[in-house]
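Visitor: My structure is below; once you've seen it, I'll send some questions.
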Amino acid sequence: MWRCVHLYGPTVERTPGFVIVNWFIYSKGAFMQVIRLTAAPHGFGETVRRDNWWTTPLLVFVVFSSFIVYATWAAFQNAHYEYGPYLSPFYAPVLWGDSAHAWFGPQPTWWPALLPFSPALLILPFPGLFRFTCYYYRGAYYKAFWADPPACSVGEPRKRYLGENSFPLILQNVHRYFFYIACIFVVLLSYDVWLALWFPDGAGGTEFGIGVGTLVLLVNVVLIASYTFGCHSGRHIFGGRNDEVSKSPLLSACYDCTSSLNRRHMLFAWCSLFSVAFADIYVRLCSMGIWSDWRIL
Amino acid sequence: MDATFRLWRSEPGGAGALTDYKTPVSEGMVVLDAVHRIQAEQAPDLAVRWNCKAGKCGSCSAEINGKPRLMCMTRLSTLDLNKPVIVEPMKTFPLIKDLVTDVSWNFSVKKTIQKFKPRQPDAPDGTWRMAQKDIDRVQEHRKCIECFLCQDVCHVLRDHGKHDEFIGPRFLLYAAQLEMNPLDTADRLHDLKDKHNIGYCNITKCCTAVCPEHIKITDNAIIPLKERVVDRFYDPVTRLLRMFK
């Protein structure tokens with residue numbers, strides 16, 4: 001059996017654009033032969049590719065960074081997260097807070113005085129970690145933020161590699177638990193869409209109505225649900241783990257549905273990222289009086 | 001019109017360099033056609049491995065303008081012929097000569113994966129019963145032509161040289177093909193975690209991007225296997241449930 005066992009020593013020869021290294025071949029217990037290998041370019045960003053390979057990782061870097069900065073800023077505002085029946089998805093559900101949507105009343109007394117309070121700080125980590133551990137996002141941010149690799153067949157900045165085989169990235173295996181939590185959030189956000197159908201009638205009650213904000217929240221929850229239920233972990237749980245998924249008609253139907261969404265997982269990951277940010281911006285700007293919500297019904 | 005092809009030329013055990021060849025090209029040609037014309041007219045000692053010229057044998061794998069591709073499936077009309085077309089051998093494997101690499105490492109890796117082990121026959125005549133739907137899932141994995149482009153582009157092998165520790169996307173696909181087969185009873189999860197180090201895969205989907213058979217290697221093979229490994233070794237709930245089964 002032939003087995004490549006060792007990359008021998010430093011670079012021994014160079015030609016423009018290439019690194020030539022020696023390569024041992026191990027055969028029947030002895031080093032039999034040394035042949036040369038045109039090793040992949042090892043310098044960061046080195047490649048023979050002629051296309052603009054850097055555009056996708058750069059775009060991912062800019063969009064993800066912008067989202068993280070905006071979401072962090074919005075989460076710490078603790079203001080302008082509701083307007084009429086609308087509630088920003090960054091703050092949903094409001095567990096504690098100065099809002100009519102709050103489940104358990106105002107800011108709890110046990111909240112550390114040194115820590116600024118915002119209902120979003122109790123909520124955002126869960127959908128945030130669901131996305132952080134998502135298989136699609138992992139592949140995208142390993143490229144965009146860690147250059148591991150920056151793009152396919154493009155040189156990396158470092159030699160050492162542990163992958164998801166050891167700490168800390170082995171913790172990504174917790175993804176399925178954040179999937180369970182994300183499913184609960186889909187239900188809660190759907191309920192918020194229902195609440196967004198009932199506007200104050202001016203006499204202390206409510207009346208049915210549909211505003212642009214209602215549609216914004218509805219589209220957002222549809223995209224988030226499509227992203228969540230197309231999750232790879234969900235696909236595994238809903239039948240993928242069985243070799244004979246057809247034996248259970250219910251699991252089989254679930255597996256078909258989640259597989260169908262999974263095929264567009266990247267699309268829904270991006271669309272739901274934009275929609276959740278836009279929904280917060282919409283509610284925020286309406287609440288600040290910069291935008292006016294248009295009532296359709 | 002004429003086009004310039006910049007081919008990697010080398011000697012066994014010796015250094016190499018890119019060499020320019022100008023050759024006439026016409027409509028409908030693929031890169032392999034041009035390489036063959038160069039071989040016939042200008043460089044009779046040029047080594048190039050090929051067989052079917054139809055994208056089904058997986059022999060003519062190379063890197064064209066830096067991207068791992070089959071030479072026989074890369075139409076010249078998809079390339080910018082105003083610049084030299086760079087054709088190099090796969091960089092993840094030892095070079096033999098010119099455009100030919102030694103891919104035998106892959107065959108030795110394949111032997112380390114547990115063989116198909118069917119359950120007892122379902123019928124007295126020694127046959128089995130399977131639902132088409134369950135078989136369709138592994139049929140996708142069987143489309144692999146073993147061109148090893150996915151192995152070539154995988155950065156764990158290409159950039160980090162983990163040949164001794166990681167089996168690469170081709171053989172994770174092969175393991176998935178066996179592991180997800182409804183008849184199979186062998187257990188490969190322990191090997192996948194500890195011996196074949198599936199955890200090295202960080203899901204960059206480069207293998208899927210270069211697959212000439214358009215197999216969703218990452219989504220339909222590697223991630224399902226990763227999830228099965230999580231089931232077995234990392235998820236406390238499934239471990240607990242397994243204890244009660």
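Order determines the names: the first chain of the structure tokens is A, the second B, and so forth; residues in each chain are numbered 1 upward, and ligands are numbered 1 upward as they are shown.
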Find the spatial neighbours of stretch 40-51 of chain B, counting only C-alpha atoms, within a cut-off of 7 Å - ignore same-chain residues fewer than 4 positions away - and output them as a PyMOL selection string.

Guide: chain B and resi 36+57+59-60+97-100

Visitor: Please, could you write that set of residues out with C-alpha atoms as a JSON list (two decimals), in the first residue's frame?

Guide:
[["chain", "number", "residue", "atom", "x", "y", "z"],
["B", 36, "HIS", "CA", -4.42, 16.63, -27.81],
["B", 57, "CYS", "CA", -14.33, 8.23, -16.62],
["B", 59, "SER", "CA", -9.35, 10.57, -15.96],
["B", 60, "CYS", "CA", -8.62, 14.03, -17.33],
["B", 97, "LYS", "CA", 4.78, 13.94, -15.32],
["B", 98, "ASP", "CA", 3.32, 17.03, -16.95],
["B", 99, "LEU", "CA", -0.44, 16.88, -16.36],
["B", 100, "VAL", "CA", -0.51, 13.41, -14.82]]

Visitor: Which residues are near A:Ile296? Cut-off 7 Å, only C-alpha atoms, ignore same chain within fewer than 3 positions. Put them as a VMD selection string.

Guide: chain A and resid 210 to 212

Visitor: To one decimal place, how far is atom CA of B:Arg228 from atom CA of A:Cys257 in Å?

Guide: 20.0 Å

Visitor: Using only C-alpha atoms, find each residue of chain B with at least one atom at most 7 Å away from an atom of chain A; report its shortest atom-to-atom pair and that distance in Å (one decimal), sort the rows by chain and rising residue number, and return the result as JSON lines.

Guide:
{"residue": "B:Gly13", "atom": "CA", "partner": "A:Ile35", "partner_atom": "CA", "distance": 4.7}
{"residue": "B:Gly14", "atom": "CA", "partner": "A:Arg36", "partner_atom": "CA", "distance": 6.7}
{"residue": "B:Ala17", "atom": "CA", "partner": "A:Thr15", "partner_atom": "CA", "distance": 6.8}
{"residue": "B:Asn65", "atom": "CA", "partner": "A:Arg49", "partner_atom": "CA", "distance": 5.3}
{"residue": "B:Gly66", "atom": "CA", "partner": "A:Arg49", "partner_atom": "CA", "distance": 4.2}
{"residue": "B:Lys67", "atom": "CA", "partner": "A:Arg49", "partner_atom": "CA", "distance": 6.4}
{"residue": "B:Lys91", "atom": "CA", "partner": "A:Ala39", "partner_atom": "CA", "distance": 5.3}
{"residue": "B:Thr92", "atom": "CA", "partner": "A:Ala39", "partner_atom": "CA", "distance": 6.8}
{"residue": "B:Pro94", "atom": "CA", "partner": "A:Leu37", "partner_atom": "CA", "distance": 4.7}
{"residue": "B:Leu95", "atom": "CA", "partner": "A:Leu37", "partner_atom": "CA", "distance": 5.1}
{"residue": "B:Trp105", "atom": "CA", "partner": "A:Arg3", "partner_atom": "CA", "distance": 6.0}
{"residue": "B:Ser108", "atom": "CA", "partner": "A:Met1", "partner_atom": "CA", "distance": 6.3}
{"residue": "B:Ala131", "atom": "CA", "partner": "A:Ser246", "partner_atom": "CA", "distance": 6.8}
{"residue": "B:Lys133", "atom": "CA", "partner": "A:Ser246", "partner_atom": "CA", "distance": 6.6}
{"residue": "B:Asp134", "atom": "CA", "partner": "A:Glu244", "partner_atom": "CA", "distance": 5.6}
{"residue": "B:Val153", "atom": "CA", "partner": "A:Ser153", "partner_atom": "CA", "distance": 5.7}
{"residue": "B:His155", "atom": "CA", "partner": "A:Pro149", "partner_atom": "CA", "distance": 6.7}
{"residue": "B:Arg158", "atom": "CA", "partner": "A:Ala40", "partner_atom": "CA", "distance": 6.4}
{"residue": "B:Asp159", "atom": "CA", "partner": "A:Ala40", "partner_atom": "CA", "distance": 6.5}
{"residue": "B:His160", "atom": "CA", "partner": "A:Lys159", "partner_atom": "CA", "distance": 6.3}
{"residue": "B:His163", "atom": "CA", "partner": "A:Cys4", "partner_atom": "CA", "distance": 6.9}
{"residue": "B:Asp164", "atom": "CA", "partner": "A:Val5", "partner_atom": "CA", "distance": 6.6}
{"residue": "B:Met180", "atom": "CA", "partner": "A:Asp243", "partner_atom": "CA", "distance": 5.2}
{"residue": "B:Asn181", "atom": "CA", "partner": "A:Asp243", "partner_atom": "CA", "distance": 6.2}
{"residue": "B:Pro182", "atom": "CA", "partner": "A:Asp243", "partner_atom": "CA", "distance": 4.9}
{"residue": "B:Asn197", "atom": "CA", "partner": "A:Asn165", "partner_atom": "CA", "distance": 7.0}
{"residue": "B:Gly199", "atom": "CA", "partner": "A:Asn165", "partner_atom": "CA", "distance": 4.2}
{"residue": "B:Tyr200", "atom": "CA", "partner": "A:Gly163", "partner_atom": "CA", "distance": 4.4}
{"residue": "B:Cys201", "atom": "CA", "partner": "A:Gly163", "partner_atom": "CA", "distance": 6.4}
{"residue": "B:Asn202", "atom": "CA", "partner": "A:Gly163", "partner_atom": "CA", "distance": 6.0}
{"residue": "B:Ile203", "atom": "CA", "partner": "A:Gly139", "partner_atom": "CA", "distance": 4.9}
{"residue": "B:Thr204", "atom": "CA", "partner": "A:Gly139", "partner_atom": "CA", "distance": 4.3}
{"residue": "B:Cys206", "atom": "CA", "partner": "A:Cys152", "partner_atom": "CA", "distance": 5.5}
{"residue": "B:Pro224", "atom": "CA", "partner": "A:His236", "partner_atom": "CA", "distance": 6.5}
{"residue": "B:Glu227", "atom": "CA", "partner": "A:Ser233", "partner_atom": "CA", "distance": 6.7}
{"residue": "B:Arg228", "atom": "CA", "partner": "A:Arg241", "partner_atom": "CA", "distance": 6.6}
{"residue": "B:Val230", "atom": "CA", "partner": "A:Asn173", "partner_atom": "CA", "distance": 6.4}

Visitor: List the spatial neighbours of stretch 105-119 of chain A as a list in words - criterion: any atom at most 8 Å away, only C-alpha atoms, same-chain residues fewer than 4 positions off excluded.

Guide: Ala75, Phe76, Gln77, Asn78, Tyr91, Val94, Leu95, Trp96, Gly97, Asp98, Ser99 and Ile123 of chain A

Visitor: Which residue, B:Glu165, B:Asp136, B:Glu11, B:Asp2, has the smallest gap to B:Glu27 when you use only C-alpha atoms?

Guide: B:Asp2

Visitor: Let's see if you can do this: from backbone DSSP, list all strand (DSSP E or B) residues in stretch 151-213 of chain A, as an MDAnalysis selection string.

Guide: chainID A and resid 198:200 206:208 211

Visitor: As a short mmCIF file (atom, residue, chain, number, x, y, z; two decimals) with C-alpha atoms, in the first residue's frame, please: the residues near A:Thr214 (cut-off 8 Å, only C-alpha atoms, same-chain neighbours under 5 positions excluded).

Guide:
data_model
loop_
_atom_site.label_atom_id
_atom_site.label_comp_id
_atom_site.auth_asym_id
_atom_site.auth_seq_id
_atom_site.Cartn_x
_atom_site.Cartn_y
_atom_site.Cartn_z
CA TYR A 86 -46.03 45.93 15.71
CA VAL A 193 -47.92 38.69 13.16
CA ALA A 196 -50.07 42.92 14.22
CA LEU A 197 -53.51 42.41 12.66
#

Visitor: Which distance in Å separates atom CA of A:Phe44 and atom CA of A:Ser66, to one decimal?

Guide: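 Distance reported for this atom pair: 24.7 Å.
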
Visitor: Taking only stretch 36-210 of chain B into account, list the residues labelled alpha helix (DSSP H) by DSSP (computed from the backbone), as a PyMOL selection string.

Guide: chain B and resi 36-41+104-110+132-141+149-153+155-158+168-179+189-190+206-210
